[in-house]
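Structure first, then comments.
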Amino acid sequence: MRVQSEKQAPGSDQILFPGVDKELADSARKWLRRLEGERRASPLTVEAYARDLRQFFHFLCDRFETAPGLEALSSLKPADLRAFMARRREEGIASRSLLRQLAALRSFAHHLAREGLARIDAIDKVRSPKIARALPKALSADKARELASGEEAGDESRAQWVVARDAAVLALLYGAGLRISEALSIRRADAPLGAIDSLTVVGKGGKARAVPVIQPVRDAVAKYLDCCPYHLEKDGPLFIGARGGPLSPRIVQLTVERLRGALGLPDSATPHALRHSFATHLLSRGGDLRSIQELLGHASLSTTQIYTSVDKARLFEAYRAAHPRAG
């Protein structure tokens, strides 16, 4: 006899919708069966969607003091949907869960329209809740310089050229605002050395951009090349692994993990945090958003504007200094 080790979610035919019109309950179960069949949703997903629908039906029972049916759904107004979302907010539901619940309701509404049972036009007139974007965690200027230098990453068991290589990669992340993938895609022929103070990189979506490379970063690249024991082909990668193959992003991540321990930095100090620090520190020194957008390779200025939230202190200082009534 087979023993189930985990509690199984009930099948769609066993899911109940108490307090609603029978025709509506049958339509809901048919929608769930479609999710199971055509969409191949898991039993647990089906149960979650059923729970979302039950909560909505329960709200309608309270709001209209009657068992909701298909006709009641067709007569819903956007205000009814907004009231439901407000109720869920009061119950402590986060935006991400509310977004999923609204998606479930829209899916059910589209099912009813496909079946010719009801049209719930109000559901498409309600805006989805916005998900707050996590602010990038920038390092202080001193910590970013320490991390980018790679000075604490070496030990006697690591070859000097490997330490220099890692330092050069990190210098590009902070000094030029590159992503790891962009730094590791640089060809040997394009290495920023000597008087070559700019670099063309290909970012997301295959979009190329020119990036200035400051002298300390060029010095770090030169130091790496001076002690690299391998012959690097012009069309090959600038940064290579210990065995001569292309350098893996994971190696860069492990280097930063070692540095975090040596410098006492939090887990948020990642390779990508150096890119965030690059943008934040430029903004704090008076860099304009359009220029930072170009340097980072953001397709939309709205993506870059998130850094204004990181540097609120500078913005308030500028306000106090410039507004005639601030004093």
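By convention here, the chains of the structure tokens are called A, B, ... in the order presented, each chain's residues are numbered starting at 1, and ligands are numbered starting at 1 in the order presented.
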
Q. Residues at most 12 Å from Glu257 of chain A, counting only C-alpha atoms, excluding those fewer than 4 positions away in the same chain, as a PyMOL selection string?
A. chain A and resi 147+150+152-153+250-253+261-271

Export C-alpha atoms of the chosen residues as a PDB file, in the first residue's frame?
ATOM      1  CA  LEU A 147      36.658  46.214  -2.739  1.00  0.00           C
ATOM      2  CA  GLY A 150      41.267  43.509  -4.670  1.00  0.00           C
ATOM      3  CA  GLU A 152      42.765  41.761   0.445  1.00  0.00           C
ATOM      4  CA  ALA A 153      41.829  38.972  -1.967  1.00  0.00           C
ATOM      5  CA  ARG A 250      31.407  32.572 -10.699  1.00  0.00           C
ATOM      6  CA  ILE A 251      35.123  33.119 -10.082  1.00  0.00           C
ATOM      7  CA  VAL A 252      34.511  36.864  -9.816  1.00  0.00           C
ATOM      8  CA  GLN A 253      31.661  36.244  -7.381  1.00  0.00           C
ATOM      9  CA  GLY A 261      35.047  38.586   4.798  1.00  0.00           C
ATOM     10  CA  ALA A 262      38.352  40.445   4.763  1.00  0.00           C
ATOM     11  CA  LEU A 263      36.743  43.902   4.713  1.00  0.00           C
ATOM     12  CA  GLY A 264      33.817  43.135   7.008  1.00  0.00           C
ATOM     13  CA  LEU A 265      31.223  43.981   4.361  1.00  0.00           C
ATOM     14  CA  PRO A 266      27.583  42.796   4.335  1.00  0.00           C
ATOM     15  CA  ASP A 267      26.210  40.136   1.972  1.00  0.00           C
ATOM     16  CA  SER A 268      24.793  42.936  -0.184  1.00  0.00           C
ATOM     17  CA  ALA A 269      28.364  43.771  -1.263  1.00  0.00           C
ATOM     18  CA  THR A 270      28.282  41.854  -4.547  1.00  0.00           C
ATOM     19  CA  PRO A 271      30.004  42.444  -7.882  1.00  0.00           C
TER      20      PRO A 271
END

Q.
With DSSP run on the backbone, what are the alpha helix (DSSP H) residues within segment 147-224 of chain A? I'd like them as JSON, numbers by chain.
A. {"A": [147, 148, 149, 160, 161, 162, 163, 164, 165, 166, 167, 168, 169, 170, 171, 172, 173, 174, 175, 180, 181, 182, 183, 184, 215, 216, 217, 218, 219, 220, 221, 222, 223, 224]}

Q.
Nearest residue to Phe17 of chain A out of A:Arg209, A:Lys137, A:His110, A:His58, using only C-alpha atoms?
A. A:His58

**Q.** Counting only C-alpha atoms, the option among A:Leu178, A:Ala67, A:Ala103, A:Ile123 closest to Arg82 of chain A
**A.** A:Ile123

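What separates atom CA of His231 of chain A from atom CA of Ile196 of chain A is a distance of 21.0 Å.
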
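Near Ala210 of chain A, within a cut-off of 8 Å and counting only C-alpha atoms, sit the residues Ser198, Leu199, Thr200, Val201 and Leu295 of chain A, with same-chain residues fewer than 6 positions away left out.
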
Q) Can you list every residue in segment 126-290 of chain A that DSSP puts in strand (DSSP E or B), as a ChimeraX atom specification? A) /A:187,198-202,208-212,237,240,246

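Across the structure, atom CA of Ala195 of chain A and atom CA of Ala279 of chain A are spaced 24.3 Å apart.
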
Q.
One number please: atom CA of Pro68 of chain A to atom CA of Glu38 of chain A, in Å, one decimal.
A. 27.2 Å

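Nearest residue to Gly241 of chain A, choosing from A:Lys207, A:Gly177, A:Arg145, A:Val163 and counting only C-alpha atoms: A:Val163.
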
Q | Residue contacts of Gly244 of chain A (9 Å, only C-alpha atoms) excluding same-chain residues fewer than 4 positions away, as a list in words | A | Tyr230, His231, Leu232 and Ile240 of chain A

**Q.** Distance query Cys61 of chain A at most 12 Å, only C-alpha atoms, self and fewer than 4 positions along chain excluded, as a PyMOL selection string
**A.** chain A and resi 17-21+54-57+65-69+72-73+84

Could the residues in this selection be written to a file with all heavy atoms, as a tab-separated table (two decimals), in the first residue's frame?
chain	number	residue	atom	x	y	z
A	17	PHE	N	-17.09	26.14	-3.40
A	17	PHE	CA	-17.27	27.59	-3.36
A	17	PHE	C	-18.58	27.86	-2.62
A	17	PHE	O	-19.62	28.13	-3.23
A	17	PHE	CB	-17.31	28.17	-4.77
A	17	PHE	CG	-16.02	28.02	-5.52
A	17	PHE	CD1	-15.82	26.96	-6.39
A	17	PHE	CD2	-14.99	28.92	-5.33
A	17	PHE	CE1	-14.62	26.80	-7.07
A	17	PHE	CE2	-13.78	28.78	-6.00
A	17	PHE	CZ	-13.59	27.72	-6.88
A	18	PRO	N	-18.54	27.76	-1.29
A	18	PRO	CA	-19.77	27.93	-0.51
A	18	PRO	C	-20.30	29.35	-0.60
A	18	PRO	O	-19.55	30.32	-0.73
A	18	PRO	CB	-19.33	27.59	0.92
A	18	PRO	CG	-17.87	27.87	0.94
A	18	PRO	CD	-17.36	27.52	-0.42
A	19	GLY	N	-21.63	29.46	-0.53
A	19	GLY	CA	-22.26	30.76	-0.47
A	19	GLY	C	-22.45	31.45	-1.80
A	19	GLY	O	-22.81	32.63	-1.85
A	20	VAL	N	-22.20	30.74	-2.93
A	20	VAL	CA	-22.37	31.37	-4.24
A	20	VAL	C	-23.40	30.58	-5.05
A	20	VAL	O	-23.71	29.42	-4.74
A	20	VAL	CB	-21.04	31.46	-5.03
A	20	VAL	CG1	-19.98	32.18	-4.21
A	20	VAL	CG2	-20.54	30.08	-5.43
A	21	ASP	N	-23.90	31.21	-6.08
A	21	ASP	CA	-24.85	30.58	-6.99
A	21	ASP	C	-24.25	29.30	-7.59
A	21	ASP	O	-23.06	29.25	-7.91
A	21	ASP	CB	-25.17	31.59	-8.09
A	21	ASP	CG	-26.06	31.04	-9.16
A	21	ASP	OD1	-27.28	31.12	-9.01
A	21	ASP	OD2	-25.50	30.52	-10.17
A	54	ARG	N	-12.33	32.17	-3.99
A	54	ARG	CA	-13.22	32.05	-2.82
A	54	ARG	C	-13.22	33.34	-2.00
A	54	ARG	O	-14.26	33.80	-1.53
A	54	ARG	CB	-12.77	30.88	-1.94
A	54	ARG	CG	-13.58	29.61	-2.13
A	54	ARG	CD	-13.39	28.64	-0.97
A	54	ARG	NE	-11.99	28.40	-0.67
A	54	ARG	CZ	-11.26	27.43	-1.23
A	54	ARG	NH1	-11.78	26.63	-2.13
A	54	ARG	NH2	-10.01	27.27	-0.89
A	55	GLN	N	-12.02	33.91	-1.83
A	55	GLN	CA	-11.92	35.15	-1.06
A	55	GLN	C	-12.68	36.29	-1.75
A	55	GLN	O	-13.33	37.11	-1.09
A	55	GLN	CB	-10.45	35.53	-0.87
A	55	GLN	CG	-9.71	34.59	0.07
A	55	GLN	CD	-8.21	34.75	0.00
A	55	GLN	OE1	-7.68	35.39	-0.91
A	55	GLN	NE2	-7.51	34.16	0.96
A	56	PHE	N	-12.62	36.31	-3.07
A	56	PHE	CA	-13.35	37.33	-3.82
A	56	PHE	C	-14.85	37.13	-3.69
A	56	PHE	O	-15.61	38.08	-3.46
A	56	PHE	CB	-12.92	37.29	-5.29
A	56	PHE	CG	-13.58	38.34	-6.13
A	56	PHE	CD1	-13.46	39.69	-5.83
A	56	PHE	CD2	-14.34	37.98	-7.24
A	56	PHE	CE1	-14.07	40.66	-6.62
A	56	PHE	CE2	-14.95	38.94	-8.04
A	56	PHE	CZ	-14.82	40.29	-7.72
A	57	PHE	N	-15.30	35.88	-3.81
A	57	PHE	CA	-16.73	35.59	-3.68
A	57	PHE	C	-17.22	35.94	-2.27
A	57	PHE	O	-18.34	36.46	-2.10
A	57	PHE	CB	-17.00	34.11	-3.96
A	57	PHE	CG	-16.82	33.72	-5.40
A	57	PHE	CD1	-16.63	32.38	-5.76
A	57	PHE	CD2	-16.84	34.67	-6.42
A	57	PHE	CE1	-16.48	32.01	-7.08
A	57	PHE	CE2	-16.68	34.30	-7.75
A	57	PHE	CZ	-16.49	32.97	-8.08
A	65	GLU	N	-24.59	41.49	0.28
A	65	GLU	CA	-25.49	40.79	1.20
A	65	GLU	C	-26.38	39.79	0.47
A	65	GLU	O	-27.57	39.63	0.79
A	65	GLU	CB	-26.34	41.79	2.00
A	65	GLU	CG	-25.50	42.71	2.86
A	65	GLU	CD	-26.35	43.67	3.68
A	65	GLU	OE1	-27.56	43.78	3.40
A	65	GLU	OE2	-25.80	44.29	4.60
A	66	THR	N	-25.82	39.11	-0.51
A	66	THR	CA	-26.54	38.07	-1.24
A	66	THR	C	-25.53	37.15	-1.90
A	66	THR	O	-24.35	37.51	-2.08
A	66	THR	CB	-27.47	38.67	-2.31
A	66	THR	OG1	-28.24	37.63	-2.92
A	66	THR	CG2	-26.67	39.38	-3.39
A	67	ALA	N	-25.98	35.95	-2.25
A	67	ALA	CA	-25.07	35.00	-2.92
A	67	ALA	C	-24.79	35.49	-4.34
A	67	ALA	O	-25.72	35.66	-5.14
A	67	ALA	CB	-25.71	33.62	-2.95
A	68	PRO	N	-23.53	35.73	-4.68
A	68	PRO	CA	-23.21	36.24	-6.02
A	68	PRO	C	-23.42	35.18	-7.09
A	68	PRO	O	-23.22	33.99	-6.87
A	68	PRO	CB	-21.73	36.62	-5.91
A	68	PRO	CG	-21.20	35.74	-4.82
A	68	PRO	CD	-22.33	35.56	-3.85
A	69	GLY	N	-23.83	35.65	-8.27
A	69	GLY	CA	-24.00	34.77	-9.43
A	69	GLY	C	-23.38	35.42	-10.64
A	69	GLY	O	-22.73	36.48	-10.55
A	72	ALA	N	-24.49	39.00	-11.26
A	72	ALA	CA	-23.86	39.96	-10.34
A	72	ALA	C	-22.44	40.30	-10.80
A	72	ALA	O	-22.01	41.46	-10.72
A	72	ALA	CB	-23.85	39.40	-8.92
A	73	LEU	N	-21.70	39.30	-11.28
A	73	LEU	CA	-20.34	39.56	-11.76
A	73	LEU	C	-20.37	40.50	-12.96
A	73	LEU	O	-19.51	41.37	-13.10
A	73	LEU	CB	-19.64	38.25	-12.13
A	73	LEU	CG	-19.33	37.27	-10.98
A	73	LEU	CD1	-18.49	36.12	-11.51
A	73	LEU	CD2	-18.59	37.97	-9.85
A	84	PHE	N	-12.44	45.64	-3.10
A	84	PHE	CA	-11.91	44.32	-2.74
A	84	PHE	C	-10.41	44.40	-2.48
A	84	PHE	O	-9.91	43.86	-1.48
A	84	PHE	CB	-12.19	43.33	-3.87
A	84	PHE	CG	-11.48	42.02	-3.72
A	84	PHE	CD1	-11.80	41.14	-2.69
A	84	PHE	CD2	-10.46	41.66	-4.60
A	84	PHE	CE1	-11.14	39.93	-2.53
A	84	PHE	CE2	-9.80	40.45	-4.45
A	84	PHE	CZ	-10.13	39.59	-3.42
